[in-house]
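A.B. asks: Please see the structure below; I have some questions.
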Amino acid sequence: FLSGKVRKRKRCSKTASHRGHRSPPRMVLFILCVKADLEGVSSISLREGSNICVSLRNPLSDYEKREKIVIDSSEHIEKDESSREPSSHFAITWEGSKKRSTIEVLDDAACKAALKKLGKKVKNAEEGFGQPTDVTADDSGNFVPVLALECRGVEPYAFHPLGDEFVVTSEGGVKFDKGIDLVEGDWAEYDEDNDAAISISEFESKFLSA
């Protein structure tokens with residue numbers, strides 16, 4: 001009789017574990033950080049509402065990935081009126097899953113709220129994890145947070161520059177907002193107004209989470 005009770009408990013434990021995998025995906029905050037060496041550049045800004053190109057993976061799978069997905073941060077995707085899903089800029093349904101995994105590009109206010117909820121985890125996170133901001137000349141060579149993504153059931157692991165998501169301001173105050181091609185990690189231009197060469201080199205990026 002005692003042995004039978006033990007076996008019954010084990011069966012219940014397995015059932016509870018199985019159901020746990022069907023629970024809604026939890027939210028994870030991912031911060032895109034970039035670093036570069038700046039010459040004659042005052043700041044690099046991520047353009048609000050720009051397209052963002054990233055590679056994604058299923059955090060519950062060793063093989064399921066999507067390469068170079070473009071997310072339009074100016075448009076939310078449509079969802080059923082009866083859906084309880086949070087708003088999002090991107091959604092995907094992984095193989096074998098009944099629920100959509102989503103990504104929401106956060107604005108400043110939403111990111112501040114998300115960071116506040118994390119509390120002490122932010123202090124223990126890797127350098128660069130924090131409120132998105134501009135990259136300035138003082139940051140040259142250091143990772144700086146530029147974008148926040150609220151992710152549920154999906155993990156971004158690589159960022160791919162498209163050429164139109166950044167605005168570069170020279171030390172003379174001239175803005176360059178077209179053709180900022182950082183695919184190879186380097187970009188150079190000439191500031192005619194101030195008779196000065198400007199450049200970005202050794203561009204790198206990474207995603208951090210807490």
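In the structure tokens, chains take the letters A, B, ... in the order shown, each chain's residues start at 1, and ligands count up from 1 in the order shown.
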With only C-alpha atoms counted and 10 Å as the cut-off, give the residues of region 60-119 of chain A in contact with region 26-30 of chain A, each with its shortest interatomic distance in Å and the pair that gives it, as a Markdown table.

C.D. replies:
| residue | atom | partner | partner_atom | distance |
| --- | --- | --- | --- | --- |
| A:Ser101 | CA | A:Arg26 | CA | 9.8 |
| A:Thr102 | CA | A:Met27 | CA | 9.3 |
| A:Ile103 | CA | A:Met27 | CA | 9.4 |
| A:Glu104 | CA | A:Leu29 | CA | 9.7 |
| A:Val105 | CA | A:Phe30 | CA | 9.9 |
| A:Leu106 | CA | A:Leu29 | CA | 9.6 |
| A:Cys111 | CA | A:Leu29 | CA | 8.7 |
| A:Ala114 | CA | A:Leu29 | CA | 7.4 |
| A:Leu115 | CA | A:Leu29 | CA | 8.2 |
| A:Leu118 | CA | A:Leu29 | CA | 9.0 |

A.B. asks: Please produce a file of the residues just selected, as a compact mmCIF listing (two decimals), in the first residue's frame, where the atoms kept are N, CA, C and O atoms.

C.D. replies:
# COMPACT_ATOMS: atom_id res chain seq x y z
N SER A 101 5.33 33.05 -30.13
CA SER A 101 6.39 33.73 -29.41
C SER A 101 6.51 35.12 -30.00
O SER A 101 6.37 35.30 -31.22
N THR A 102 6.74 36.12 -29.16
CA THR A 102 6.65 37.51 -29.62
C THR A 102 7.84 38.37 -29.21
O THR A 102 8.55 38.06 -28.25
N ILE A 103 8.01 39.46 -29.95
CA ILE A 103 9.02 40.47 -29.63
C ILE A 103 8.36 41.84 -29.69
O ILE A 103 7.68 42.17 -30.67
N GLU A 104 8.56 42.62 -28.65
CA GLU A 104 8.09 44.00 -28.60
C GLU A 104 9.30 44.92 -28.48
O GLU A 104 10.13 44.76 -27.58
N VAL A 105 9.42 45.87 -29.41
CA VAL A 105 10.48 46.88 -29.32
C VAL A 105 10.02 47.94 -28.33
O VAL A 105 8.99 48.60 -28.55
N LEU A 106 10.77 48.13 -27.25
CA LEU A 106 10.33 49.03 -26.19
C LEU A 106 10.80 50.46 -26.40
O LEU A 106 11.93 50.70 -26.83
N CYS A 111 10.93 50.68 -21.37
CA CYS A 111 12.19 50.06 -20.97
C CYS A 111 12.52 50.40 -19.52
O CYS A 111 12.97 49.55 -18.75
N ALA A 114 10.48 48.19 -17.37
CA ALA A 114 10.96 46.80 -17.39
C ALA A 114 12.23 46.65 -16.56
O ALA A 114 12.39 45.67 -15.83
N LEU A 115 13.13 47.62 -16.64
CA LEU A 115 14.37 47.58 -15.86
C LEU A 115 14.08 47.70 -14.37
O LEU A 115 14.73 47.05 -13.54
N LEU A 118 13.11 44.42 -12.87
CA LEU A 118 14.23 43.48 -12.71
C LEU A 118 14.99 43.73 -11.41
O LEU A 118 15.64 42.84 -10.87

A.B. asks: Would you return as an mmCIF file with N, CA and C atoms, in the first residue's frame the members of region 52-87 of chain A that DSSP assigns to strand (DSSP E or B) on this structure's backbone?

C.D. replies:
data_model
loop_
_atom_site.group_PDB
_atom_site.id
_atom_site.type_symbol
_atom_site.label_atom_id
_atom_site.label_comp_id
_atom_site.auth_asym_id
_atom_site.auth_seq_id
_atom_site.Cartn_x
_atom_site.Cartn_y
_atom_site.Cartn_z
ATOM 1 N N ILE A 52 14.728 46.763 -37.841
ATOM 2 C CA ILE A 52 15.802 46.127 -37.090
ATOM 3 C C ILE A 52 15.971 44.699 -37.608
ATOM 4 N N CYS A 53 17.182 44.340 -38.002
ATOM 5 C CA CYS A 53 17.441 42.999 -38.535
ATOM 6 C C CYS A 53 18.197 42.170 -37.485
ATOM 7 N N VAL A 54 17.610 41.045 -37.097
ATOM 8 C CA VAL A 54 18.218 40.193 -36.076
ATOM 9 C C VAL A 54 18.072 38.722 -36.462
ATOM 10 N N SER A 55 18.911 37.888 -35.861
ATOM 11 C CA SER A 55 18.762 36.437 -35.964
ATOM 12 C C SER A 55 18.217 35.929 -34.640
ATOM 13 N N LEU A 56 17.296 34.951 -34.720
ATOM 14 C CA LEU A 56 16.569 34.480 -33.548
ATOM 15 C C LEU A 56 16.712 32.978 -33.380
ATOM 16 N N ARG A 57 16.512 32.531 -32.133
ATOM 17 C CA ARG A 57 16.456 31.098 -31.889
ATOM 18 C C ARG A 57 15.381 30.772 -30.865
ATOM 19 N N LYS A 65 16.128 27.915 -35.509
ATOM 20 C CA LYS A 65 16.590 29.299 -35.621
ATOM 21 C C LYS A 65 15.945 29.976 -36.826
ATOM 22 N N ARG A 66 15.974 31.301 -36.838
ATOM 23 C CA ARG A 66 15.565 32.095 -37.990
ATOM 24 C C ARG A 66 16.633 33.174 -38.201
ATOM 25 N N GLU A 67 17.227 33.171 -39.372
ATOM 26 C CA GLU A 67 18.330 34.085 -39.659
ATOM 27 C C GLU A 67 17.828 35.381 -40.307
ATOM 28 N N LYS A 68 18.377 36.494 -39.846
ATOM 29 C CA LYS A 68 18.170 37.804 -40.447
ATOM 30 C C LYS A 68 16.692 38.153 -40.662
ATOM 31 N N ILE A 69 15.951 38.128 -39.577
ATOM 32 C CA ILE A 69 14.550 38.542 -39.578
ATOM 33 C C ILE A 69 14.488 40.066 -39.446
ATOM 34 N N VAL A 70 13.707 40.721 -40.292
ATOM 35 C CA VAL A 70 13.570 42.178 -40.224
ATOM 36 C C VAL A 70 12.303 42.528 -39.454
ATOM 37 N N ILE A 71 12.476 43.314 -38.395
ATOM 38 C CA ILE A 71 11.357 43.743 -37.559
ATOM 39 C C ILE A 71 11.100 45.224 -37.797
ATOM 40 N N ASP A 72 9.881 45.553 -38.179
ATOM 41 C CA ASP A 72 9.483 46.950 -38.369
ATOM 42 C C ASP A 72 9.032 47.497 -37.015
#

A.B. asks: Between A:His160, A:Lys35, A:Lys178, A:Arg152, which is the closest to Lys99 (chain A) once you count only C-alpha atoms?

C.D. replies: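 The closest residue to Lys99 (chain A) is A:Arg152.
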
A.B. asks: Counting only C-alpha atoms, which residue out of A:Pro161, A:Gly185, A:Gly173, A:Pro86 sits closest to Val41 (chain A)?

C.D. replies: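 Closest residue, counting only C-alpha atoms: A:Gly173.
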
A.B. asks: Using only C-alpha atoms, which of the listed residues (A:Pro59, A:Gly49, A:Gly172, A:Pro156) sits closest to Asp195 (chain A)?

C.D. replies: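 Checking each of A:Pro59, A:Gly49, A:Gly172, A:Pro156 against Asp195 (chain A), counting only C-alpha atoms, the winner is A:Gly172.
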
A.B. asks: Using only C-alpha atoms, which protein or nucleic acid residues come within 12 Å of Asp108 (chain A)? Drop anything in the same chain fewer than 5 positions from it, and give the result as a PDB file with N, CA and C atoms, in the first residue's frame.

C.D. replies:
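After the write, out27.pdb holds the following:
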ATOM      1  N   GLU A  48      14.487  56.192 -34.400  1.00  0.00           N
ATOM      2  CA  GLU A  48      13.211  55.714 -33.871  1.00  0.00           C
ATOM      3  C   GLU A  48      12.316  55.223 -35.009  1.00  0.00           C
ATOM      4  N   ALA A 113      10.442  50.983 -17.144  1.00  0.00           N
ATOM      5  CA  ALA A 113       9.546  50.183 -16.307  1.00  0.00           C
ATOM      6  C   ALA A 113      10.030  48.734 -16.223  1.00  0.00           C
ATOM      7  N   ALA A 114      10.480  48.190 -17.367  1.00  0.00           N
ATOM      8  CA  ALA A 114      10.963  46.803 -17.392  1.00  0.00           C
ATOM      9  C   ALA A 114      12.229  46.648 -16.557  1.00  0.00           C
ATOM     10  N   LEU A 115      13.133  47.622 -16.641  1.00  0.00           N
ATOM     11  CA  LEU A 115      14.373  47.576 -15.860  1.00  0.00           C
ATOM     12  C   LEU A 115      14.077  47.697 -14.368  1.00  0.00           C
ATOM     13  N   GLY A 130      21.375  48.027 -19.714  1.00  0.00           N
ATOM     14  CA  GLY A 130      20.771  49.189 -19.085  1.00  0.00           C
ATOM     15  C   GLY A 130      19.877  49.950 -20.040  1.00  0.00           C
ATOM     16  N   GLN A 131      19.523  51.169 -19.673  1.00  0.00           N
ATOM     17  CA  GLN A 131      18.644  52.012 -20.474  1.00  0.00           C
ATOM     18  C   GLN A 131      19.315  52.415 -21.785  1.00  0.00           C
ATOM     19  N   PRO A 132      18.660  52.156 -22.928  1.00  0.00           N
ATOM     20  CA  PRO A 132      19.239  52.535 -24.219  1.00  0.00           C
ATOM     21  C   PRO A 132      19.533  54.029 -24.310  1.00  0.00           C
ATOM     22  N   THR A 133      20.615  54.359 -24.985  1.00  0.00           N
ATOM     23  CA  THR A 133      21.041  55.746 -25.130  1.00  0.00           C
ATOM     24  C   THR A 133      21.850  55.887 -26.414  1.00  0.00           C
ATOM     25  N   PRO A 145      24.266  50.372 -24.459  1.00  0.00           N
ATOM     26  CA  PRO A 145      22.922  49.884 -24.802  1.00  0.00           C
ATOM     27  C   PRO A 145      22.222  50.853 -25.760  1.00  0.00           C
ATOM     28  N   VAL A 146      21.651  50.315 -26.846  1.00  0.00           N
ATOM     29  CA  VAL A 146      20.983  51.173 -27.830  1.00  0.00           C
ATOM     30  C   VAL A 146      19.545  50.757 -28.130  1.00  0.00           C
ATOM     31  N   LEU A 147      19.153  49.547 -27.708  1.00  0.00           N
ATOM     32  CA  LEU A 147      17.816  49.049 -28.048  1.00  0.00           C
ATOM     33  C   LEU A 147      17.373  48.023 -27.013  1.00  0.00           C
ATOM     34  N   ALA A 148      16.077  48.068 -26.659  1.00  0.00           N
ATOM     35  CA  ALA A 148      15.514  47.104 -25.706  1.00  0.00           C
ATOM     36  C   ALA A 148      14.401  46.307 -26.375  1.00  0.00           C
ATOM     37  N   LEU A 149      14.427  44.989 -26.196  1.00  0.00           N
ATOM     38  CA  LEU A 149      13.416  44.100 -26.757  1.00  0.00           C
ATOM     39  C   LEU A 149      12.798  43.262 -25.647  1.00  0.00           C
TER      40      LEU A 149
END

A.B. asks: Taking only C-alpha atoms into account, name the residue in A:Ala158, A:Ala137, A:Ile92, A:His76 that is nearest to Phe207 (chain A).

C.D. replies: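 So, comparing all the options, the nearest one is A:Ala158.
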
A.B. asks: DSSP on the backbone: what in region 37-204 of chain A comes out helix (DSSP H, G or I), as a list in words?

C.D. replies: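 Listing helix (DSSP H, G or I) positions across region 37-204 of chain A yields Asp108, Ala109, Ala110, Cys111, Lys112, Ala113, Ala114, Leu115, Lys116, Lys117, Leu118, Lys120, Lys121, Val122, Lys123, Ala137, Asp138, Asp139, Glu192, Asp193 and Asn194 of chain A.
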